[in-house]
$ cat query.tsv   # TSV, C-alpha atoms (C1' of nucleotides)
chain	number	residue	atom	x	y	z
A	1	MET	CA	4.90	-6.60	44.87
A	2	SER	CA	8.68	-6.75	44.89
A	3	ASN	CA	9.85	-5.72	41.44
A	4	ASN	CA	8.92	-2.22	40.46
A	5	PRO	CA	11.32	-1.22	37.67
A	6	PRO	CA	13.61	1.70	38.56
A	7	SER	CA	12.02	3.68	35.75
A	8	GLY	CA	10.17	2.99	32.53
A	9	ARG	CA	12.54	2.00	29.77
A	10	PHE	CA	11.30	4.85	27.58
A	11	ALA	CA	10.46	7.41	30.25
A	12	TYR	CA	13.41	9.70	29.45
A	13	ASP	CA	12.92	11.71	32.59
A	14	GLY	CA	16.29	13.34	32.03
A	15	LEU	CA	14.60	15.53	29.46
A	16	ASP	CA	14.46	18.63	31.64
A	17	ARG	CA	11.49	20.80	30.68
A	18	THR	CA	13.54	23.98	30.93
A	19	ILE	CA	15.84	22.74	28.19
A	20	HIS	CA	13.47	20.56	26.18
A	21	GLU	CA	11.31	23.45	24.95
A	22	ARG	CA	12.26	23.97	21.32
A	23	ALA	CA	13.06	27.67	21.53
A	24	ARG	CA	15.28	27.16	24.58
A	25	LEU	CA	16.96	24.13	23.06
A	26	SER	CA	17.81	26.38	20.11
A	27	ILE	CA	19.09	29.13	22.33
A	28	LEU	CA	21.24	26.83	24.45
A	29	THR	CA	22.69	24.99	21.47
A	30	SER	CA	23.58	28.25	19.76
A	31	LEU	CA	25.24	29.41	22.96
A	32	MET	CA	27.14	26.15	23.32
A	33	CYS	CA	28.50	26.65	19.83
A	34	HIS	CA	29.57	30.20	20.65
A	35	PRO	CA	31.57	30.02	23.87
A	36	LYS	CA	32.17	33.78	23.82
A	37	GLY	CA	28.44	34.29	23.90
A	38	LEU	CA	26.03	35.92	21.51
A	39	SER	CA	24.15	39.18	21.28
A	40	PHE	CA	20.39	39.35	21.48
A	41	VAL	CA	20.21	40.27	17.82
A	42	ASP	CA	22.45	37.44	16.66
A	43	MET	CA	20.50	34.89	18.67
A	44	LYS	CA	17.29	36.19	17.22
A	45	LYS	CA	18.60	35.41	13.76
A	46	LEU	CA	20.26	32.11	14.59
A	47	CYS	CA	17.20	30.78	16.41
A	48	ASP	CA	14.58	32.36	14.20
A	49	LEU	CA	12.76	33.85	17.16
A	50	THR	CA	10.74	37.01	17.57
A	51	ASP	CA	11.95	39.66	19.96
A	52	GLY	CA	9.26	38.85	22.49
A	53	ASN	CA	9.84	35.13	22.47
A	54	LEU	CA	13.60	35.42	22.72
A	55	SER	CA	13.28	37.88	25.60
A	56	ARG	CA	10.91	35.60	27.47
A	57	HIS	CA	12.89	32.41	26.95
A	58	VAL	CA	16.18	34.04	27.86
A	59	LYS	CA	14.56	35.19	31.09
A	60	VAL	CA	13.51	31.62	31.87
A	61	LEU	CA	17.05	30.41	31.21
A	62	VAL	CA	18.54	33.17	33.33
A	63	ASP	CA	16.14	32.40	36.18
A	64	ALA	CA	17.20	28.74	35.94
A	65	GLY	CA	20.83	29.82	36.18
A	66	PHE	CA	21.66	28.37	32.77
A	67	VAL	CA	22.46	31.66	31.05
A	68	SER	CA	23.99	34.95	32.13
A	69	VAL	CA	23.35	38.29	30.48
A	70	ALA	CA	25.37	41.48	30.31
A	71	LYS	CA	23.43	44.56	29.30
A	72	GLY	CA	25.27	47.55	27.95
A	73	TYR	CA	25.61	49.91	25.03
A	74	GLU	CA	27.41	49.42	21.77
A	75	GLU	CA	27.46	52.02	19.02
A	76	ASN	CA	24.81	54.03	20.82
A	77	ARG	CA	22.40	51.13	20.94
A	78	PRO	CA	21.42	48.91	23.85
A	79	HIS	CA	23.31	45.68	23.53
A	80	THR	CA	22.53	42.47	25.41
A	81	HIS	CA	25.19	39.82	25.47
A	82	CYS	CA	24.25	36.29	26.57
A	83	LYS	CA	26.48	33.47	27.68
A	84	ILE	CA	25.84	29.95	28.86
A	85	THR	CA	26.91	29.36	32.46
A	86	LYS	CA	28.89	26.44	33.85
A	87	VAL	CA	25.70	25.03	35.33
A	88	GLY	CA	23.95	25.53	32.01
A	89	GLN	CA	26.70	23.65	30.20
A	90	LYS	CA	26.51	20.72	32.55
A	91	GLN	CA	22.72	20.53	32.44
A	92	PHE	CA	22.76	20.85	28.68
A	93	LEU	CA	25.26	18.04	28.25
A	94	ASP	CA	23.23	15.82	30.57
A	95	TYR	CA	20.16	16.60	28.53
A	96	VAL	CA	21.92	15.84	25.26
A	97	SER	CA	23.10	12.48	26.54
A	98	VAL	CA	19.45	11.56	27.02
A	99	LEU	CA	18.69	12.80	23.51
A	100	GLN	CA	21.44	10.53	22.31
A	101	GLN	CA	19.69	7.60	23.96
A	102	VAL	CA	16.45	8.53	22.20
A	103	VAL	CA	18.24	8.60	18.86
A	104	LYS	CA	19.84	5.26	19.66
A	105	ASP	CA	16.51	3.73	20.62
A	106	ALA	CA	14.97	5.06	17.44
A	107	ALA	CA	17.80	3.60	15.37
A	108	ASN	CA	17.34	0.16	16.90
A	109	GLU	CA	13.96	-0.12	15.22
A	110	LYS	CA	15.56	-0.11	11.79
A	111	LYS	CA	17.55	-3.28	12.44
A	112	ARG	CA	14.69	-5.09	14.08
A	113	VAL	CA	12.41	-6.25	11.28
A	114	ARG	CA	9.65	-8.39	12.74
A	115	SER	CA	8.69	-10.20	15.92
A	116	ALA	CA	9.26	-9.01	19.41
A	117	PRO	CA	8.50	-10.82	22.65
A	118	LEU	CA	5.13	-9.43	23.62
A	119	LYS	CA	3.66	-11.03	26.72
A	120	SER	CA	5.70	-11.26	29.94
A	121	SER	CA	8.82	-9.51	28.62
A	122	ILE	CA	8.02	-6.22	26.96
A	123	MET	CA	11.48	-4.82	27.17
B	21	MET	CA	17.65	43.24	1.15
B	22	SER	CA	18.61	40.20	-0.90
B	23	ASN	CA	19.97	37.62	1.50
B	24	ASN	CA	17.53	36.42	4.09
B	25	PRO	CA	18.92	33.13	5.39
B	26	PRO	CA	16.64	30.16	4.59
B	27	SER	CA	16.31	29.55	8.30
B	28	GLY	CA	18.25	30.30	11.46
B	29	ARG	CA	21.11	27.86	11.84
B	30	PHE	CA	19.82	26.72	15.22
B	31	ALA	CA	16.10	27.10	14.64
B	32	TYR	CA	15.40	23.35	14.43
B	33	ASP	CA	11.94	23.91	13.08
B	34	GLY	CA	11.76	20.23	12.20
B	35	LEU	CA	11.07	19.61	15.87
B	36	ASP	CA	7.34	19.00	15.41
B	37	ARG	CA	5.44	19.98	18.56
B	38	THR	CA	3.27	16.89	18.39
B	39	ILE	CA	6.33	14.69	18.74
B	40	HIS	CA	8.64	16.93	20.76
B	41	GLU	CA	6.56	16.75	23.92
B	42	ARG	CA	8.38	14.41	26.30
B	43	ALA	CA	5.52	12.05	27.00
B	44	ARG	CA	4.72	11.66	23.32
B	45	LEU	CA	8.35	11.22	22.40
B	46	SER	CA	8.41	8.38	24.93
B	47	ILE	CA	5.26	6.84	23.53
B	48	LEU	CA	6.41	7.02	19.93
B	49	THR	CA	9.86	5.66	20.67
B	50	SER	CA	8.42	2.76	22.60
B	51	LEU	CA	6.07	2.03	19.70
B	52	MET	CA	8.91	2.24	17.19
B	53	CYS	CA	10.78	-0.36	19.20
B	54	HIS	CA	7.71	-2.61	19.25
B	55	PRO	CA	6.53	-2.94	15.66
B	56	LYS	CA	3.68	-5.23	16.67
B	57	GLY	CA	2.36	-2.51	18.93
B	58	LEU	CA	1.85	-2.25	22.65
B	59	SER	CA	-1.04	-2.42	25.03
B	60	PHE	CA	-2.17	0.57	27.07
B	61	VAL	CA	-0.89	-1.09	30.21
B	62	ASP	CA	2.54	-1.93	28.81
B	63	MET	CA	3.00	1.59	27.51
B	64	LYS	CA	2.03	2.98	30.87
B	65	LYS	CA	4.88	1.03	32.43
B	66	LEU	CA	7.43	1.64	29.70
B	67	CYS	CA	6.79	5.36	29.60
B	68	ASP	CA	6.16	5.87	33.30
B	69	LEU	CA	2.90	7.71	32.66
B	70	THR	CA	-0.30	7.92	34.63
B	71	ASP	CA	-3.47	6.55	33.10
B	72	GLY	CA	-4.84	10.02	32.45
B	73	ASN	CA	-1.71	11.33	30.80
B	74	LEU	CA	-1.24	8.31	28.59
B	75	SER	CA	-4.87	8.45	27.51
B	76	ARG	CA	-4.63	12.12	26.65
B	77	HIS	CA	-1.34	11.89	24.77
B	78	VAL	CA	-2.40	8.82	22.82
B	79	LYS	CA	-5.49	10.75	21.74
B	80	VAL	CA	-3.30	13.59	20.47
B	81	LEU	CA	-1.18	11.12	18.52
B	82	VAL	CA	-4.23	9.38	17.09
B	83	ASP	CA	-5.74	12.71	16.04
B	84	ALA	CA	-2.46	13.55	14.32
B	85	GLY	CA	-2.61	10.23	12.49
B	86	PHE	CA	0.63	9.02	14.04
B	87	VAL	CA	-0.85	6.16	16.04
B	88	SER	CA	-3.73	3.75	15.56
B	89	VAL	CA	-5.64	2.03	18.33
B	90	ALA	CA	-7.65	-1.16	18.44
B	91	LYS	CA	-9.98	-1.47	21.38
B	92	GLY	CA	-11.22	-4.88	22.39
B	93	TYR	CA	-11.43	-7.35	25.22
B	94	GLU	CA	-8.82	-9.76	26.44
B	95	GLU	CA	-9.34	-12.08	29.40
B	96	ASN	CA	-12.57	-10.29	30.28
B	97	ARG	CA	-10.86	-6.92	30.51
B	98	PRO	CA	-10.91	-4.00	28.10
B	99	HIS	CA	-7.71	-4.05	26.13
B	100	THR	CA	-6.36	-1.20	24.04
B	101	HIS	CA	-3.67	-2.00	21.54
B	102	CYS	CA	-1.67	0.84	20.01
B	103	LYS	CA	0.49	0.85	16.95
B	104	ILE	CA	2.49	3.48	15.16
B	105	THR	CA	1.21	4.25	11.67
B	106	LYS	CA	3.24	4.60	8.46
B	107	VAL	CA	2.79	8.36	8.66
B	108	GLY	CA	3.83	8.28	12.30
B	109	GLN	CA	6.96	6.33	11.44
B	110	LYS	CA	7.96	8.78	8.74
B	111	GLN	CA	7.31	11.82	10.89
B	112	PHE	CA	9.15	10.25	13.79
B	113	LEU	CA	12.21	9.49	11.70
B	114	ASP	CA	12.22	13.03	10.32
B	115	TYR	CA	12.02	14.32	13.85
B	116	VAL	CA	14.86	12.10	15.02
B	117	SER	CA	17.09	13.26	12.20
B	118	VAL	CA	16.71	16.79	13.55
B	119	LEU	CA	17.49	15.52	17.04
B	120	GLN	CA	20.62	13.98	15.60
B	121	GLN	CA	21.62	17.39	14.27
B	122	VAL	CA	21.10	18.89	17.72
B	123	VAL	CA	23.32	16.24	19.25
B	124	LYS	CA	25.91	16.86	16.54
B	125	ASP	CA	25.84	20.61	17.12
B	126	ALA	CA	26.17	20.04	20.82
B	127	ALA	CA	29.14	17.75	20.28
B	128	ASN	CA	30.92	20.32	18.12
B	129	GLU	CA	31.28	22.56	21.12
B	130	LYS	CA	33.60	20.09	22.78
B	131	LYS	CA	36.21	20.27	20.01
B	132	ARG	CA	36.00	24.04	19.65
B	133	VAL	CA	38.02	25.50	22.52
B	134	ARG	CA	38.18	29.25	22.10
B	135	SER	CA	37.63	31.99	19.55
B	136	ALA	CA	34.79	32.20	17.12
B	137	PRO	CA	34.23	34.84	14.47
B	138	LEU	CA	31.76	37.17	16.10
B	139	LYS	CA	30.95	40.21	13.98
B	140	SER	CA	29.81	39.75	10.37
B	141	SER	CA	29.91	35.95	10.31
B	142	ILE	CA	28.16	34.48	13.29
B	143	MET	CA	27.71	31.04	11.82
C	13	DA	C1'	9.50	68.02	14.11
C	14	DA	C1'	7.91	63.96	12.81
C	15	DT	C1'	8.65	59.28	11.02
C	16	DT	C1'	11.13	55.27	11.01
C	17	DA	C1'	14.24	51.98	12.93
C	18	DT	C1'	16.56	49.44	16.58
C	19	DA	C1'	16.59	46.81	20.70
C	20	DC	C1'	14.40	45.21	23.60
C	21	DT	C1'	10.21	44.20	27.63
C	22	DT	C1'	5.54	43.53	29.15
C	23	DT	C1'	0.78	41.83	28.62
C	24	DA	C1'	-2.82	39.07	27.31
C	25	DT	C1'	-4.46	35.15	25.38
C	26	DA	C1'	-4.88	30.78	23.71
C	27	DC	C1'	-3.09	26.42	24.35
C	28	DT	C1'	-1.87	22.22	26.79
C	29	DA	C1'	0.14	19.05	30.16
C	30	DC	C1'	-1.20	16.86	34.08
C	31	DA	C1'	-3.56	15.52	38.39
C	32	DA	C1'	-7.70	14.30	40.18
C	33	DA	C1'	-12.05	12.61	39.72
C	34	DG	C1'	-15.20	9.80	37.15
C	35	DT	C1'	-16.98	5.54	34.57
C	36	DA	C1'	-17.67	0.86	33.87
C	37	DA	C1'	-16.90	-3.80	34.14
C	38	DT	C1'	-14.87	-7.63	36.97
C	39	DT	C1'	-13.22	-10.09	40.75
C	40	DG	C1'	-12.63	-11.20	45.43
C	41	DT	C1'	-14.55	-11.19	50.26
C	42	DT	C1'	-17.80	-11.96	53.88
D	25	DA	C1'	-25.98	-11.60	47.61
D	26	DA	C1'	-24.02	-7.39	48.91
D	27	DC	C1'	-19.94	-4.74	49.27
D	28	DA	C1'	-15.35	-3.33	48.56
D	29	DA	C1'	-11.44	-3.44	45.74
D	30	DT	C1'	-9.10	-3.79	41.34
D	31	DT	C1'	-8.41	-3.06	36.48
D	32	DA	C1'	-8.59	-0.32	32.46
D	33	DC	C1'	-9.41	3.27	30.95
D	34	DT	C1'	-11.77	8.57	29.93
D	35	DT	C1'	-13.14	13.18	31.16
D	36	DT	C1'	-12.66	17.43	33.55
D	37	DG	C1'	-10.47	21.37	35.82
D	38	DT	C1'	-6.67	23.87	36.65
D	39	DA	C1'	-2.33	25.62	36.68
D	40	DG	C1'	1.40	26.70	33.79
D	41	DT	C1'	3.44	28.51	29.57
D	42	DA	C1'	4.54	29.68	24.74
D	43	DT	C1'	3.74	33.23	21.73
D	44	DA	C1'	1.74	37.20	19.29
D	45	DA	C1'	0.79	41.76	19.89
D	46	DA	C1'	1.42	45.92	22.05
D	47	DG	C1'	4.39	48.91	24.57
D	48	DT	C1'	8.83	51.50	25.99
D	49	DA	C1'	12.88	53.93	25.14
D	50	DT	C1'	16.54	55.75	22.48
D	51	DA	C1'	18.62	57.01	18.08
D	52	DA	C1'	18.93	58.06	13.34
D	53	DT	C1'	16.79	59.91	9.21
D	54	DT	C1'	14.04	63.04	6.33
$ encode --input "query.tsv" --output "C-alpha cells"
Amino acid sequence: MSNNPPSGRFAYDGLDRTIHERARLSILTSLMCHPKGLSFVDMKKLCDLTDGNLSRHVKVLVDAGFVSVAKGYEENRPHTHCKITKVGQKQFLDYVSVLQQVVKDAANEKKRVRSAPLKSSIM
Amino acid sequence: MSNNPPSGRFAYDGLDRTIHERARLSILTSLMCHPKGLSFVDMKKLCDLTDGNLSRHVKVLVDAGFVSVAKGYEENRPHTHCKITKVGQKQFLDYVSVLQQVVKDAANEKKRVRSAPLKSSIM
DNA sequence: AATTATACTTTATACTACAAAGTAATTGTT
DNA sequence: AACAATTACTTTGTAGTATAAAGTATAATT
C-alpha cells in the first residue's frame, strides 16, 4: 500500500483529446506549418475535410483557445482566415512530445527480439 | 479538372481509428513492448485504465484482429493473457509511421520562421 | 429570372468512450 | 458455517462527439 506508480508507463495522458482527434490534429499541424495562417478553403484541401466537419472542428479549436479566426470578405466572397494561437502552439508542442514518446516506445520493440521479465517487473 | 491532389498534405488518413484512440494506442504500445504478451491486470496498471474500459477496448482490438486473448486460470483466479497479433503488429507499425510524419511536420515549423507562399501554392 | 457555384453553418444521427453496476469465484473473518 | 471483502473481469447506460446531410446567404453565370 505504499508504492502506487505515478502513472502507467503507457498511459500517455498527455494526449489531449482536443488535439488527438484526427481531423483536429490535421488542422493544427497544417496551421503550425503555415505561421501566417490559412483560409477555410485551403485548410479544407490540405486536411481533406468536408465543409461541415472543418467548420465544426475549427469551432472546437476556437472554443479551446487554440485557434483564432478572422472573418471578412475577399474578392466579393466571405473569407475565413485561421491562425494558431500562442496557447495552441504550446499545447500542440506538448502533445507532439508525447507522440514522440509513443514513436520511441514503438521503435524499442524492434530491437528487443525475445524474452522480457514477466512476473514482478513488468516495466 | 485534371489535377485533384492524391490526398490533402495534412490529411493523415493512415491514422486508423481503431488504433488512434488513446486507450487503444496505450494498449497496443504496451503489447508491442511485451512480445510475450501481458495479463489483463498488468495492462490495467501499465495503461492506467479501469477494468471496464480495458475490457471494452480489448474487445474492440480483438474484433479487429489486432489482439488475441487466452483465458484461463492461474493460482485459482481467472487470468486473461493478451498478445498482439501479426496483423496487429503490421497495422500498428503502419500507424506509427504516420505518427512519425506528424512529428516531422510539427518539427518543421520550428525551423521555418516567417513567410510562406500563400496564394497558388499552399503546400 | 433562374441555375449553379462558393463559402460557409446548423442539425440530426449514429457511434463510442467511459463510469457504474453486475457477475462469479475465492479468500479471509468471526 | 455464514458473511463480508477482494479479485478479475463483463455488461449496461449514458453522455459526448464526429460526421453526413441539409440549410443559409451571397455572387456569378446563362
$ closest_atom_pairs --input "query.tsv" --of "chain A" --to "chain C" --cutoff "10 Å" --atoms "all atoms listed in the file" --output "tab-separated table"
residue	atom	partner	partner_atom	distance
A:Phe40	CA	C:DA19	C1'	8.4
A:Val41	CA	C:DA19	C1'	8.0
A:Asp51	CA	C:DC20	C1'	7.1
A:Gly52	CA	C:DT21	C1'	7.5
A:Leu54	CA	C:DC20	C1'	9.9
A:Ser55	CA	C:DT21	C1'	7.3
A:Arg56	CA	C:DT21	C1'	8.6
A:Arg77	CA	C:DA19	C1'	7.2
A:Pro78	CA	C:DA19	C1'	6.1
A:His79	CA	C:DA19	C1'	7.4
A:Thr80	CA	C:DA19	C1'	8.7
$ interface_residues --input "query.tsv" --of "chain B" --to "chain A" --cutoff "6 Å" --atoms "only C-alpha atoms" --output "PDB file with C-alpha atoms, keeping the file's coordinate frame"
ATOM      1  CA  GLY B  28      18.250  30.300  11.460  1.00  0.00           C
ATOM      2  CA  ARG B  29      21.110  27.860  11.840  1.00  0.00           C
ATOM      3  CA  PHE B  30      19.820  26.720  15.220  1.00  0.00           C
ATOM      4  CA  ALA B  31      16.100  27.100  14.640  1.00  0.00           C
ATOM      5  CA  SER B  46       8.410   8.380  24.930  1.00  0.00           C
ATOM      6  CA  MET B  52       8.910   2.240  17.190  1.00  0.00           C
ATOM      7  CA  CYS B  53      10.780  -0.360  19.200  1.00  0.00           C
ATOM      8  CA  LYS B  65       4.880   1.030  32.430  1.00  0.00           C
ATOM      9  CA  LEU B  66       7.430   1.640  29.700  1.00  0.00           C
ATOM     10  CA  CYS B  67       6.790   5.360  29.600  1.00  0.00           C
ATOM     11  CA  ASP B  68       6.160   5.870  33.300  1.00  0.00           C
ATOM     12  CA  GLU B 129      31.280  22.560  21.120  1.00  0.00           C
TER      13      GLU B 129
END
$ closest_atom_pairs --input "query.tsv" --of "chain D" --to "chain B" --cutoff "8 Å" --atoms "only C-alpha atoms (C1' of nucleotides)" --output "tab-separated table"
residue	atom	partner	partner_atom	distance
D:DT31	C1'	B:Arg97	CA	7.5
D:DA32	C1'	B:Pro98	CA	6.2
D:DC33	C1'	B:Asp71	CA	7.1
D:DT34	C1'	B:Ser75	CA	7.3
$ atom_distance --input "query.tsv" --atom1 "CA of Thr70 in chain B" --atom2 "CA of Gln111 in chain B"
25.2 Å
$ atom_distance --input "query.tsv" --atom1 "CA of His57 in chain A" --atom2 "C1' of DG40 in chain D"
14.5 Å
$ build_atoms --input "query.tsv" --residues "range 85-98 of chain B" --atoms "N, CA and C atoms" --output "PDB file, in the frame of the given file"
ATOM      1  N   GLY B  85      -2.790  11.314  13.460  1.00  0.00           N
ATOM      2  CA  GLY B  85      -2.610  10.230  12.490  1.00  0.00           C
ATOM      3  C   GLY B  85      -1.310   9.467  12.655  1.00  0.00           C
ATOM      4  N   PHE B  86      -0.662   9.661  13.804  1.00  0.00           N
ATOM      5  CA  PHE B  86       0.630   9.020  14.040  1.00  0.00           C
ATOM      6  C   PHE B  86       0.494   7.642  14.681  1.00  0.00           C
ATOM      7  N   VAL B  87      -0.638   7.406  15.302  1.00  0.00           N
ATOM      8  CA  VAL B  87      -0.850   6.160  16.040  1.00  0.00           C
ATOM      9  C   VAL B  87      -2.268   5.653  15.752  1.00  0.00           C
ATOM     10  N   SER B  88      -2.397   4.341  15.705  1.00  0.00           N
ATOM     11  CA  SER B  88      -3.730   3.750  15.560  1.00  0.00           C
ATOM     12  C   SER B  88      -4.020   2.883  16.771  1.00  0.00           C
ATOM     13  N   VAL B  89      -5.283   2.848  17.178  1.00  0.00           N
ATOM     14  CA  VAL B  89      -5.640   2.030  18.330  1.00  0.00           C
ATOM     15  C   VAL B  89      -6.726   1.020  17.973  1.00  0.00           C
ATOM     16  N   ALA B  90      -6.614  -0.146  18.590  1.00  0.00           N
ATOM     17  CA  ALA B  90      -7.650  -1.160  18.440  1.00  0.00           C
ATOM     18  C   ALA B  90      -8.145  -1.501  19.831  1.00  0.00           C
ATOM     19  N   LYS B  91      -9.413  -1.192  20.064  1.00  0.00           N
ATOM     20  CA  LYS B  91      -9.980  -1.470  21.380  1.00  0.00           C
ATOM     21  C   LYS B  91     -10.744  -2.784  21.340  1.00  0.00           C
ATOM     22  N   GLY B  92     -10.514  -3.607  22.344  1.00  0.00           N
ATOM     23  CA  GLY B  92     -11.220  -4.880  22.390  1.00  0.00           C
ATOM     24  C   GLY B  92     -11.222  -5.420  23.805  1.00  0.00           C
ATOM     25  N   TYR B  93     -11.453  -6.695  23.919  1.00  0.00           N
ATOM     26  CA  TYR B  93     -11.430  -7.350  25.220  1.00  0.00           C
ATOM     27  C   TYR B  93     -10.424  -8.485  25.203  1.00  0.00           C
ATOM     28  N   GLU B  94      -9.732  -8.644  26.312  1.00  0.00           N
ATOM     29  CA  GLU B  94      -8.820  -9.760  26.440  1.00  0.00           C
ATOM     30  C   GLU B  94      -8.900 -10.237  27.889  1.00  0.00           C
ATOM     31  N   GLU B  95      -9.195 -11.520  28.051  1.00  0.00           N
ATOM     32  CA  GLU B  95      -9.340 -12.080  29.400  1.00  0.00           C
ATOM     33  C   GLU B  95     -10.344 -11.272  30.223  1.00  0.00           C
ATOM     34  N   ASN B  96     -11.481 -10.997  29.601  1.00  0.00           N
ATOM     35  CA  ASN B  96     -12.570 -10.290  30.280  1.00  0.00           C
ATOM     36  C   ASN B  96     -12.238  -8.884  30.776  1.00  0.00           C
ATOM     37  N   ARG B  97     -11.222  -8.306  30.157  1.00  0.00           N
ATOM     38  CA  ARG B  97     -10.860  -6.920  30.510  1.00  0.00           C
ATOM     39  C   ARG B  97     -10.777  -6.107  29.228  1.00  0.00           C
ATOM     40  N   PRO B  98     -11.130  -4.838  29.290  1.00  0.00           N
ATOM     41  CA  PRO B  98     -10.910  -4.000  28.100  1.00  0.00           C
ATOM     42  C   PRO B  98      -9.422  -3.963  27.799  1.00  0.00           C
TER      43      PRO B  98
END
